[in-house]
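Peer 1: Data: structure.cif, mmCIF, C-alpha atoms (C1' of nucleotides).
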```
data_target
loop_
_atom_site.label_atom_id
_atom_site.label_comp_id
_atom_site.auth_asym_id
_atom_site.auth_seq_id
_atom_site.Cartn_x
_atom_site.Cartn_y
_atom_site.Cartn_z
CA MET A 14 171.36 44.95 -45.09
CA THR A 15 169.98 45.71 -48.55
CA ASN A 16 166.27 45.44 -49.16
CA PRO A 17 165.59 41.69 -49.17
CA ASP A 18 162.54 42.02 -51.36
CA THR A 19 164.08 43.08 -54.64
CA ARG A 20 167.19 41.10 -53.84
CA THR A 21 165.36 37.79 -53.68
CA GLN A 22 163.19 38.70 -56.64
CA ILE A 23 166.35 39.22 -58.64
CA LEU A 24 167.68 35.87 -57.40
CA ASP A 25 164.46 34.14 -58.45
CA ALA A 26 164.42 35.76 -61.86
CA ALA A 27 168.10 35.00 -62.43
CA ALA A 28 167.71 31.35 -61.39
CA HIS A 29 164.89 30.91 -63.88
CA LEU A 30 166.59 32.69 -66.75
CA PHE A 31 170.03 31.17 -66.22
CA ALA A 32 168.43 27.71 -66.29
CA GLU A 33 166.40 28.57 -69.38
CA ARG A 34 168.96 30.39 -71.53
CA GLY A 35 172.32 29.88 -69.83
CA TYR A 36 174.58 32.42 -68.19
CA ARG A 37 175.86 34.21 -71.24
CA GLY A 38 172.49 33.94 -72.93
CA THR A 39 170.83 35.89 -70.15
CA SER A 40 171.28 39.65 -70.04
CA VAL A 41 171.21 41.64 -66.84
CA ARG A 42 168.37 43.60 -68.39
CA ALA A 43 166.31 40.44 -68.84
CA VAL A 44 166.84 39.57 -65.18
CA THR A 45 165.84 42.96 -63.85
CA ASP A 46 162.86 43.17 -66.18
CA ARG A 47 161.56 39.81 -64.95
CA ALA A 48 162.22 40.83 -61.35
CA GLY A 49 160.43 44.15 -61.79
CA ALA A 50 163.59 45.94 -60.71
CA ASN A 51 165.82 48.59 -62.14
CA LEU A 52 168.78 47.65 -64.32
CA ALA A 53 171.26 49.01 -61.80
CA ALA A 54 169.84 46.88 -58.99
CA VAL A 55 172.08 43.96 -59.95
CA GLY A 56 175.18 46.08 -59.59
CA TYR A 57 173.92 47.53 -56.33
CA HIS A 58 172.89 44.28 -54.62
CA PHE A 59 175.43 41.84 -56.05
CA GLY A 60 178.27 43.86 -57.54
CA SER A 61 178.31 42.24 -60.95
CA LYS A 62 176.59 39.67 -63.13
CA ALA A 63 179.18 37.02 -62.22
CA GLU A 64 178.59 37.56 -58.52
CA LEU A 65 174.86 37.27 -59.13
CA LEU A 66 175.44 33.86 -60.68
CA ALA A 67 177.54 32.84 -57.69
CA ALA A 68 174.72 33.85 -55.35
CA VAL A 69 172.17 31.93 -57.42
CA ALA A 70 174.36 28.83 -57.53
CA ARG A 71 175.03 28.94 -53.80
CA ARG A 72 171.35 29.21 -53.00
CA VAL A 73 170.61 26.17 -55.15
CA VAL A 74 173.48 23.91 -54.21
CA GLU A 75 173.87 24.56 -50.50
CA PRO A 76 170.63 22.88 -49.36
CA ILE A 77 171.50 19.86 -51.49
CA ILE A 78 174.93 19.31 -50.02
CA THR A 79 173.80 19.89 -46.42
CA ALA A 80 171.01 17.33 -46.97
CA GLN A 81 173.53 14.91 -48.46
CA CYS A 82 175.76 15.39 -45.44
CA ALA A 83 172.85 14.84 -43.06
CA ALA A 84 171.78 11.68 -44.87
CA LEU A 85 175.31 10.33 -44.66
CA ASP A 86 175.47 11.16 -40.95
CA ARG A 87 172.24 9.25 -40.38
CA LEU A 88 173.63 6.27 -42.25
CA LEU A 89 176.94 6.25 -40.42
CA ALA A 90 175.20 6.51 -37.05
CA GLU A 91 173.52 3.16 -37.65
CA ASN A 92 176.34 1.41 -39.44
CA PRO A 93 179.94 2.61 -39.72
CA GLU A 94 180.22 0.87 -43.08
CA PRO A 95 176.91 1.31 -44.95
CA PRO A 96 176.16 -0.82 -48.02
CA VAL A 97 176.47 0.67 -51.49
CA ALA A 98 172.75 0.91 -52.17
CA ASP A 99 172.19 3.00 -49.05
CA LEU A 100 175.05 5.32 -49.95
CA VAL A 101 173.62 5.79 -53.43
CA ALA A 102 170.18 6.53 -52.02
CA ALA A 103 171.61 9.02 -49.53
CA TRP A 104 173.48 10.77 -52.30
CA VAL A 105 170.76 10.78 -54.91
CA GLY A 106 167.79 11.50 -52.64
CA PRO A 107 168.55 15.13 -51.76
CA MET A 108 169.26 15.98 -55.37
CA PHE A 109 165.81 14.79 -56.34
CA ASP A 110 164.18 16.48 -53.38
CA GLU A 111 165.63 19.88 -54.10
CA MET A 112 165.32 19.52 -57.84
CA SER A 113 161.67 18.66 -57.54
CA ALA A 114 161.02 21.49 -55.09
CA ALA A 115 162.13 24.24 -57.44
CA GLU A 116 161.23 24.04 -61.08
CA GLY A 117 164.25 24.19 -63.33
CA THR A 118 166.82 23.54 -60.63
CA SER A 119 168.20 20.53 -62.44
CA LYS A 120 168.49 22.49 -65.65
CA LEU A 121 170.38 25.14 -63.73
CA ILE A 122 172.81 22.58 -62.33
CA MET A 123 173.24 21.05 -65.75
CA MET A 124 173.92 24.51 -67.14
CA ILE A 125 176.60 25.10 -64.54
CA LEU A 126 178.20 21.69 -65.09
CA GLY A 127 178.15 22.07 -68.84
CA ASP A 128 179.38 25.61 -69.20
CA PRO A 129 183.09 25.50 -69.94
CA ALA A 130 183.71 29.10 -68.86
CA GLU A 131 185.71 29.56 -65.71
CA GLU A 132 183.42 32.45 -64.83
CA VAL A 133 180.52 30.03 -64.42
CA ARG A 134 182.37 27.42 -62.37
CA SER A 135 184.32 29.65 -60.03
CA TRP A 136 181.49 30.07 -57.50
CA THR A 137 182.16 26.64 -56.00
CA GLY A 138 182.90 26.62 -52.28
CA PRO A 139 184.77 24.24 -49.97
CA ALA A 140 181.57 22.59 -48.69
CA GLN A 141 181.15 20.93 -52.07
CA SER A 142 184.43 19.08 -52.08
CA THR A 143 183.92 18.18 -48.43
CA VAL A 144 180.71 16.23 -49.00
CA TYR A 145 182.23 14.71 -52.10
CA ASP A 146 185.24 13.49 -50.17
CA ARG A 147 183.09 12.10 -47.38
CA TYR A 148 181.07 9.99 -49.80
CA LEU A 149 184.25 8.96 -51.56
CA ALA A 150 185.61 7.59 -48.29
CA ALA A 151 182.35 5.80 -47.50
CA PHE A 152 182.26 4.18 -50.94
CA ARG A 153 185.89 3.16 -50.53
CA HIS A 154 184.95 1.18 -47.44
CA ALA A 155 181.94 -0.36 -49.13
CA LEU A 156 183.92 -1.27 -52.25
CA PRO A 157 187.40 -2.23 -51.05
CA ALA A 158 188.22 -4.19 -54.21
CA LEU A 159 188.05 -1.09 -56.43
CA SER A 160 191.18 0.79 -57.44
CA PRO A 161 191.14 4.52 -56.59
CA GLU A 162 190.97 5.39 -60.29
CA GLU A 163 187.94 3.23 -60.94
CA LEU A 164 186.20 4.47 -57.80
CA TRP A 165 186.82 8.04 -58.86
CA PHE A 166 185.40 7.24 -62.27
CA ARG A 167 182.25 5.77 -60.73
CA MET A 168 181.75 8.77 -58.49
CA ARG A 169 181.74 10.97 -61.55
CA GLY A 170 179.15 8.70 -63.13
CA LEU A 171 177.00 9.18 -60.06
CA LEU A 172 176.87 12.92 -60.52
CA ALA A 173 176.50 12.70 -64.28
CA VAL A 174 173.43 10.50 -64.19
CA THR A 175 171.61 12.48 -61.53
CA ALA A 176 172.28 15.82 -63.18
CA VAL A 177 171.71 14.94 -66.80
CA ASP A 178 168.82 12.58 -66.38
CA ARG A 179 166.91 14.95 -64.19
CA ALA A 180 167.58 17.84 -66.52
CA GLU A 181 166.03 16.27 -69.58
CA GLY A 182 163.99 13.45 -68.17
CA ALA A 183 161.71 15.36 -65.85
CA CYS A 184 159.19 15.95 -68.59
CA ARG A 185 158.87 12.30 -69.54
CA VAL A 186 159.03 10.44 -66.26
CA GLY A 187 157.48 11.34 -62.93
CA GLY A 188 159.73 12.49 -60.10
CA GLU A 189 159.17 9.54 -57.79
CA GLU A 190 159.56 6.94 -60.51
CA SER A 191 162.73 8.45 -61.84
CA ARG A 192 164.19 8.66 -58.33
CA ALA A 193 163.68 4.90 -57.96
CA TYR A 194 165.04 4.29 -61.45
CA ALA A 195 168.14 6.32 -60.65
CA ILE A 196 168.80 4.45 -57.41
CA THR A 197 168.56 0.97 -58.96
CA PHE A 198 170.59 2.11 -61.99
CA LEU A 199 173.34 3.67 -59.93
CA ALA A 200 173.40 1.07 -57.14
CA ALA A 201 173.99 -1.64 -59.75
CA ALA A 202 176.62 0.45 -61.48
CA MET A 203 178.51 1.29 -58.28
CA SER A 204 178.34 -2.31 -57.06
CA ALA A 205 179.77 -3.81 -60.22
CA PRO A 206 182.84 -6.01 -59.72
CA PRO A 207 186.14 -4.27 -60.56
CA THR A 208 187.26 -4.24 -64.17
CA MET K 26 182.68 24.67 -103.88
CA THR K 27 184.27 27.21 -101.54
CA ASN K 28 187.96 27.02 -100.80
CA PRO K 29 188.31 24.00 -98.51
CA ASP K 30 191.45 25.33 -96.87
CA THR K 31 190.11 28.29 -94.94
CA ARG K 32 186.80 26.50 -94.48
CA THR K 33 188.32 23.62 -92.54
CA GLN K 34 190.67 25.93 -90.68
CA ILE K 35 187.62 27.82 -89.48
CA LEU K 36 185.96 24.54 -88.50
CA ASP K 37 189.04 23.49 -86.54
CA ALA K 38 189.33 26.81 -84.78
CA ALA K 39 185.62 26.88 -83.98
CA ALA K 40 185.65 23.32 -82.62
CA HIS K 41 188.49 24.21 -80.29
CA LEU K 42 187.05 27.50 -79.10
CA PHE K 43 183.47 26.28 -78.72
CA ALA K 44 184.76 23.43 -76.54
CA GLU K 45 186.95 25.79 -74.54
CA ARG K 46 184.64 28.74 -73.97
CA GLY K 47 181.20 27.63 -75.10
CA TYR K 48 179.12 28.89 -78.01
CA ARG K 49 178.12 32.27 -76.70
CA GLY K 50 181.50 32.74 -75.06
CA THR K 51 183.23 32.46 -78.43
CA SER K 52 183.11 35.43 -80.78
CA VAL K 53 183.26 35.10 -84.53
CA ARG K 54 186.31 37.35 -84.39
CA ALA K 55 188.09 34.90 -82.06
CA VAL K 56 187.36 32.06 -84.49
CA THR K 57 188.61 33.86 -87.56
CA ASP K 58 191.67 35.18 -85.74
CA ARG K 59 192.62 31.66 -84.67
CA ALA K 60 191.95 30.35 -88.17
CA GLY K 61 194.03 33.11 -89.76
CA ALA K 62 191.02 34.14 -91.81
CA ASN K 63 189.06 37.30 -92.31
CA LEU K 64 186.11 38.14 -90.10
CA ALA K 65 183.69 37.93 -93.00
CA ALA K 66 184.82 34.42 -93.92
CA VAL K 67 182.38 32.86 -91.47
CA GLY K 68 179.45 34.63 -93.08
CA TYR K 69 180.70 33.69 -96.53
CA HIS K 70 181.40 29.99 -95.92
CA PHE K 71 178.71 29.15 -93.38
CA GLY K 72 176.11 31.91 -93.46
CA SER K 73 176.04 32.67 -89.76
CA LYS K 74 177.61 31.79 -86.44
CA ALA K 75 174.77 29.36 -85.65
CA GLU K 76 175.28 27.51 -88.94
CA LEU K 77 179.00 27.33 -88.17
CA LEU K 78 178.15 25.59 -84.91
CA ALA K 79 175.89 23.18 -86.77
CA ALA K 80 178.71 22.33 -89.16
CA VAL K 81 181.13 21.82 -86.28
CA ALA K 82 178.69 19.60 -84.42
CA ARG K 83 177.90 17.53 -87.50
CA ARG K 84 181.57 16.94 -88.21
CA VAL K 85 182.10 15.73 -84.65
CA VAL K 86 178.99 13.62 -84.18
CA GLU K 87 178.55 11.97 -87.56
CA PRO K 88 181.57 9.65 -87.40
CA ILE K 89 180.47 8.58 -83.93
CA ILE K 90 176.97 7.60 -84.91
CA THR K 91 178.03 5.82 -88.09
CA ALA K 92 180.57 3.83 -86.06
CA GLN K 93 177.87 3.03 -83.52
CA CYS K 94 175.60 1.83 -86.31
CA ALA K 95 178.36 -0.30 -87.81
CA ALA K 96 179.16 -1.86 -84.45
CA LEU K 97 175.51 -2.70 -83.92
CA ASP K 98 175.32 -4.24 -87.39
CA ARG K 99 178.33 -6.43 -86.61
CA LEU K 100 176.70 -7.55 -83.38
CA LEU K 101 173.35 -8.33 -84.96
CA ALA K 102 175.00 -10.29 -87.77
CA GLU K 103 176.34 -12.79 -85.23
CA ASN K 104 173.41 -12.84 -82.86
CA PRO K 105 169.96 -11.36 -83.46
CA GLU K 106 169.62 -10.70 -79.72
CA PRO K 107 173.01 -9.58 -78.37
CA PRO K 108 173.65 -9.50 -74.62
CA VAL K 109 173.58 -6.24 -72.73
CA ALA K 110 177.33 -6.00 -72.18
CA ASP K 111 177.99 -6.26 -75.93
CA LEU K 112 175.43 -3.59 -76.68
CA VAL K 113 177.00 -1.27 -74.14
CA ALA K 114 180.46 -1.88 -75.59
CA ALA K 115 179.19 -1.24 -79.11
CA TRP K 116 177.61 2.01 -77.98
CA VAL K 117 180.41 3.31 -75.79
CA GLY K 118 183.35 2.22 -77.94
CA PRO K 119 182.94 4.66 -80.83
CA MET K 120 182.42 7.57 -78.45
CA PHE K 121 185.78 6.86 -76.85
CA ASP K 122 187.48 6.28 -80.18
CA GLU K 123 186.39 9.59 -81.66
CA MET K 124 186.78 11.49 -78.43
CA SER K 125 190.32 10.28 -78.04
CA ALA K 126 191.16 11.02 -81.66
CA ALA K 127 190.42 14.74 -81.43
CA GLU K 128 191.43 16.67 -78.35
CA GLY K 129 188.52 18.45 -76.76
CA THR K 130 185.79 16.57 -78.60
CA SER K 131 184.22 15.37 -75.39
CA LYS K 132 184.22 18.87 -73.98
CA LEU K 133 182.50 20.01 -77.14
CA ILE K 134 179.80 17.37 -76.82
CA MET K 135 179.35 18.24 -73.17
CA MET K 136 179.03 21.88 -74.12
CA ILE K 137 176.32 21.05 -76.63
CA LEU K 138 174.44 18.83 -74.21
CA GLY K 139 174.66 21.36 -71.44
CA ASP K 140 173.78 24.52 -73.29
CA PRO K 141 170.10 25.23 -72.75
CA ALA K 142 169.78 27.49 -75.78
CA GLU K 143 167.72 26.16 -78.64
CA GLU K 144 170.23 27.73 -81.00
CA VAL K 145 172.88 25.29 -79.79
CA ARG K 146 170.75 22.17 -79.96
CA SER K 147 168.95 22.70 -83.23
CA TRP K 148 171.73 21.29 -85.42
CA THR K 149 170.69 17.72 -84.64
CA GLY K 150 169.87 15.58 -87.64
CA PRO K 151 167.70 12.51 -88.21
CA ALA K 152 170.66 10.12 -88.17
CA GLN K 153 171.00 10.73 -84.45
CA SER K 154 167.57 9.60 -83.48
CA THR K 155 167.86 6.67 -85.87
CA VAL K 156 170.87 5.12 -84.12
CA TYR K 157 169.29 5.91 -80.79
CA ASP K 158 166.11 4.08 -81.73
CA ARG K 159 168.03 1.09 -83.06
CA TYR K 160 169.91 0.66 -79.78
CA LEU K 161 166.69 1.21 -77.88
CA ALA K 162 165.09 -1.70 -79.74
CA ALA K 163 168.13 -3.91 -79.20
CA PHE K 164 168.17 -3.17 -75.48
CA ARG K 165 164.45 -3.86 -75.30
CA HIS K 166 165.07 -7.40 -76.57
CA ALA K 167 167.98 -7.90 -74.20
CA LEU K 168 166.00 -6.56 -71.23
CA PRO K 169 162.41 -7.71 -71.74
CA ALA K 170 161.50 -7.28 -68.07
CA LEU K 171 162.05 -3.51 -68.13
CA SER K 172 159.18 -1.08 -68.53
CA PRO K 173 159.55 1.37 -71.45
CA GLU K 174 159.92 4.25 -69.00
CA GLU K 175 162.75 2.62 -67.09
CA LEU K 176 164.48 1.55 -70.28
CA TRP K 177 164.28 5.08 -71.56
CA PHE K 178 165.72 6.34 -68.30
CA ARG K 179 168.64 3.95 -68.56
CA MET K 180 169.38 4.96 -72.13
CA ARG K 181 169.74 8.53 -70.98
CA GLY K 182 172.11 7.37 -68.27
CA LEU K 183 174.21 5.71 -70.95
CA LEU K 184 174.72 8.97 -72.79
CA ALA K 185 175.19 11.00 -69.62
CA VAL K 186 178.03 8.88 -68.28
CA THR K 187 179.94 8.68 -71.52
CA ALA K 188 179.69 12.40 -72.21
CA VAL K 189 180.28 13.79 -68.75
CA ASP K 190 182.90 11.36 -67.61
CA ARG K 191 184.95 11.76 -70.73
CA ALA K 192 184.64 15.53 -70.55
CA GLU K 193 186.15 15.94 -67.13
CA GLY K 194 187.82 12.63 -66.53
CA ALA K 195 190.20 12.54 -69.46
CA CYS K 196 192.87 14.40 -67.53
CA ARG K 197 192.86 12.03 -64.57
CA VAL K 198 192.39 8.61 -66.12
CA GLY K 199 193.91 7.19 -69.26
CA GLY K 200 191.71 6.64 -72.30
CA GLU K 201 191.89 2.86 -72.39
CA GLU K 202 191.32 2.45 -68.66
CA SER K 203 188.37 4.76 -68.61
CA ARG K 204 186.82 2.98 -71.60
CA ALA K 205 186.95 -0.30 -69.65
CA TYR K 206 185.64 1.44 -66.53
CA ALA K 207 182.74 2.88 -68.48
CA ILE K 208 181.79 -0.46 -69.98
CA THR K 209 181.73 -2.32 -66.66
CA PHE K 210 179.94 0.58 -64.97
CA LEU K 211 177.28 0.88 -67.64
CA ALA K 212 176.85 -2.83 -68.33
CA ALA K 213 176.08 -3.39 -64.65
CA ALA K 214 173.73 -0.41 -64.60
CA MET K 215 171.85 -1.47 -67.71
CA SER K 216 171.60 -5.10 -66.56
CA ALA K 217 170.13 -4.24 -63.16
CA PRO K 218 166.82 -5.97 -62.38
CA PRO K 219 163.77 -3.76 -62.85
CA THR K 220 162.77 -1.46 -60.00
"C1'" DG G 9 194.07 41.17 -122.59
"C1'" DC G 10 189.51 40.30 -120.91
"C1'" DC G 11 185.78 38.36 -118.83
"C1'" DT G 12 183.83 35.48 -115.08
"C1'" DC G 13 183.41 33.62 -110.96
"C1'" DA G 14 184.83 32.45 -106.36
"C1'" DT G 15 187.18 34.16 -102.55
"C1'" DT G 16 189.32 37.57 -99.43
"C1'" DC G 17 189.63 41.98 -97.49
"C1'" DA G 18 189.05 46.42 -94.66
"C1'" DA G 19 185.50 49.02 -92.98
"C1'" DA G 20 181.40 50.12 -91.21
"C1'" DC G 21 176.59 49.06 -89.67
"C1'" DG G 22 173.26 48.91 -85.90
"C1'" DT G 23 172.43 46.44 -81.76
"C1'" DT G 24 173.15 44.68 -77.31
"C1'" DC G 25 175.95 44.13 -73.54
"C1'" DG G 26 177.75 45.04 -68.40
"C1'" DT G 27 178.76 48.73 -65.78
"C1'" DT G 28 178.74 53.41 -63.90
"C1'" DT G 29 176.94 57.87 -62.61
"C1'" DA G 30 174.40 61.39 -60.32
"C1'" DA G 31 170.07 62.72 -59.15
"C1'" DA G 32 165.68 61.24 -57.00
"C1'" DT G 33 163.01 58.71 -53.56
"C1'" DC G 34 162.10 56.62 -49.23
"C1'" DA G 35 162.32 55.38 -44.16
"C1'" DG G 36 163.71 56.41 -39.77
"C1'" DT G 37 165.62 59.64 -36.07
"C1'" DC G 38 166.10 63.74 -33.86
"C1'" DG Z 29 160.41 69.48 -41.06
"C1'" DA Z 30 165.32 68.81 -41.74
"C1'" DC Z 31 169.22 65.32 -41.61
"C1'" DT Z 32 171.03 60.72 -42.68
"C1'" DG Z 33 171.79 56.60 -44.88
"C1'" DA Z 34 169.97 53.07 -47.77
"C1'" DT Z 35 167.70 52.17 -52.01
"C1'" DT Z 36 165.79 53.11 -56.60
"C1'" DT Z 37 165.75 55.55 -60.80
"C1'" DA Z 38 166.77 57.31 -65.64
"C1'" DA Z 39 170.44 58.03 -68.52
"C1'" DA Z 40 174.57 57.41 -70.46
"C1'" DC Z 41 179.19 55.16 -71.15
"C1'" DG Z 42 182.48 52.48 -73.88
"C1'" DA Z 43 183.22 48.04 -75.52
"C1'" DA Z 44 182.11 43.93 -77.96
"C1'" DC Z 45 179.03 41.57 -80.70
"C1'" DG Z 46 177.05 39.33 -85.44
"C1'" DT Z 47 176.33 40.74 -89.79
"C1'" DT Z 48 176.66 43.31 -94.17
"C1'" DT Z 49 178.83 45.85 -97.79
"C1'" DG Z 50 181.51 46.97 -101.82
"C1'" DA Z 51 185.87 46.99 -103.46
"C1'" DA Z 52 190.19 44.20 -104.15
"C1'" DT Z 53 192.40 39.86 -105.38
"C1'" DG Z 54 193.14 35.57 -107.55
"C1'" DA Z 55 192.81 31.81 -110.99
"C1'" DG Z 56 190.93 29.65 -115.37
"C1'" DG Z 57 188.66 29.82 -119.93
"C1'" DC Z 58 188.14 32.23 -124.24
#
```
Please render this file's structure as structure tokens.

Peer 2:
Amino acid sequence: MTNPDTRTQILDAAAHLFAERGYRGTSVRAVTDRAGANLAAVGYHFGSKAELLAAVARRVVEPIITAQCAALDRLLAENPEPPVADLVAAWVGPMFDEMSAAEGTSKLIMMILGDPAEEVRSWTGPAQSTVYDRYLAAFRHALPALSPEELWFRMRGLLAVTAVDRAEGACRVGGEESRAYAITFLAAAMSAPPT
Amino acid sequence: MTNPDTRTQILDAAAHLFAERGYRGTSVRAVTDRAGANLAAVGYHFGSKAELLAAVARRVVEPIITAQCAALDRLLAENPEPPVADLVAAWVGPMFDEMSAAEGTSKLIMMILGDPAEEVRSWTGPAQSTVYDRYLAAFRHALPALSPEELWFRMRGLLAVTAVDRAEGACRVGGEESRAYAITFLAAAMSAPPT
DNA sequence: GCCTCATTCAAACGTTCGTTTAAATCAGTC
DNA sequence: GACTGATTTAAACGAACGTTTGAATGAGGC
């Protein structure tokens, strides 16, 4: 299997540059220059620029969704129907953990969410929708009065706040404070009585 | 003043294509082809591709922020310290009105918010921060217990939910329903007790 | 008719892009 | 030390990009 050294250095460089300048705004040459690799290394190790983005996105998102799954498992082991605030904390926590661990991760996620090009979104795997559906079911039990449409709307708000606020807010508010802010903000929003 | 016909046709085409494929993903040639204009028309009427984006963004955002200002004025005329739910409705309402009026407007806003390139963000004018600061002050009176940091965090959540949820949710949920969902969701979130 | 000015047009400019190629280098194995 | 397969390298490819140019076109005033 391909030399892991230059491969991961390309992944690191690409993650930083994609977050900083976007997918289309980052040239393969800029990535390989930053990685100290040859221009052709991207084609050799990943096949194409689009597949490089898919690899970068997978490496960023996978630890988040496995941590979200684990947190939900822990919650369900104690209580088959966890309260809303715990579900919010289990969902939001891993995003803050991983986003704080690697600088610019939140900007990268925001870039992926915001880019309208199919090329940028098509990396998504089945694990993503799985964890999403599991939380959806848990919230449905915790909020039985909500219509499916309104619940779906609130789930989208969950993702929006965590992604956007972390992307731009990290510079103004500390990580731990903004994690607590997000949980109170979102727990109140999710728990609101139906419209 | 330059022929308004081709000028607005270029603006329409650019608004649609920027929303669909992003700024960098849209070529000047694609814009002029869709507008039925010559390639050089963009340079003639706008100066450059970046200035075209600025014009598109201004045309989309300006009616929203003037409507938000007007709604806040109406509120303050009745009550110098309006409740949180009214402030949220005054803020969210115009975004839904304008976003529903023009197809793809929310995707365009999402594209602008998500694009990390300075080129894409630099169009922003002073009117934007003005309306933002006015709502910030109004919310500060309505929520005196909140620290400035947490209030600032919640204001960002306000924008995140309206932009993101409208961008991807429009296809699943009707405009009027999702406006009501957004107001209950955000009013509860903003009214939450301090962390 | 002629001049003026704004607008449109076809064509080309130079640059940057993602990808490909074929030779060069390196690490093991015999 | 030669063979093998994986990796790196320099160079080039063709395409697409934003921008510029200079001539053509159109309408309105004199």

Peer 1: Using the chain letters and residue numbers of this document, give as a short mmCIF file (atom, residue, chain, number, x, y, z; two decimals) with C-alpha atoms (C1' of nucleotides), in the frame of the given file the residues selected by the PyMOL selection byres ((chain G) within 8 of (chain A)).

Peer 2:
```cif
data_model
loop_
_atom_site.label_atom_id
_atom_site.label_comp_id
_atom_site.auth_asym_id
_atom_site.auth_seq_id
_atom_site.Cartn_x
_atom_site.Cartn_y
_atom_site.Cartn_z
"C1'" DC G 25 175.95 44.13 -73.54
"C1'" DG G 26 177.75 45.04 -68.40
"C1'" DT G 27 178.76 48.73 -65.78
#
```

Peer 1: State, in Å with one decimal place, the distance from atom CA of A:Pro93 to atom CA of K:Thr209.

Peer 2: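 Interatomic distance here is 27.4 Å.
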
Peer 1: Name the residues within 10 Å of (189.9, 35.2, -99.3), counting all atoms listed in the file in the file's coordinates, and put them as a ChimeraX atom specification.

Peer 2: /K:28,31,62-63,65-66,69 /G:14-17 /Z:53-54

Peer 1: Kindly provide the residues of chain Z that approach chain A to within 10 Å, each paired with its closest atom pair and their distance in Å to one decimal, based on all atoms listed in the file, listed by chain and increasing number, as a Markdown table.

Peer 2:
```
| residue | atom | partner | partner_atom | distance |
| --- | --- | --- | --- | --- |
| Z:DA34 | C1' | A:Thr15 | CA | 7.4 |
| Z:DT35 | C1' | A:Asn16 | CA | 7.4 |
| Z:DT36 | C1' | A:Asn51 | CA | 7.2 |
| Z:DT37 | C1' | A:Asn51 | CA | 7.1 |
| Z:DA38 | C1' | A:Asn51 | CA | 9.4 |
```

Peer 1: Go through K:Arg46, K:Arg59, K:Arg83, K:His41 and flag the residue nearest K:Gln153, using all atoms listed in the file for the distances.

Peer 2: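 The shortest atom-to-atom distance to K:Gln153 comes from K:Arg83.
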
Peer 1: Pull out every residue that the PyMOL selection byres ((chain A) within 7 of (chain K)) matches in the shown coordinates and put them as a ChimeraX atom specification.

Peer 2: /A:33-35,37-38,123-124,127-130,162-163,169-170,173-174,177-178,186,193-194,197-199,201-203,205,208

Peer 1: How many Å separate atom CA of A:Ala48 from atom CA of A:Met112?

Peer 2: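 Atom CA of A:Met112 lies at a distance of 21.8 Å from atom CA of A:Ala48.
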
Peer 1: Report as JSON, numbers by chain the full result of the PyMOL selection byres ((chain G and resi 30) around 12) when it is applied to this structure.

Peer 2: {"G": [28, 29, 31, 32], "Z": [37, 38, 39, 40]}

Peer 1: To one decimal place, how far is atom CA of K:Leu168 from atom CA of K:Asn104 in Å?

Peer 2: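 Computed distance, atom CA of K:Leu168 to atom CA of K:Asn104, equals 15.2 Å.
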
Peer 1: Do a neighbour search on K:Ala40 at 9 Å with only C-alpha atoms (C1' of nucleotides), toss out local chain neighbours closer than 2 positions, and write the hits as an NGL selection string.

Peer 2: :K and (35-38 or 42-45 or 78 or 81-82 or 85 or 129-130 or 133)
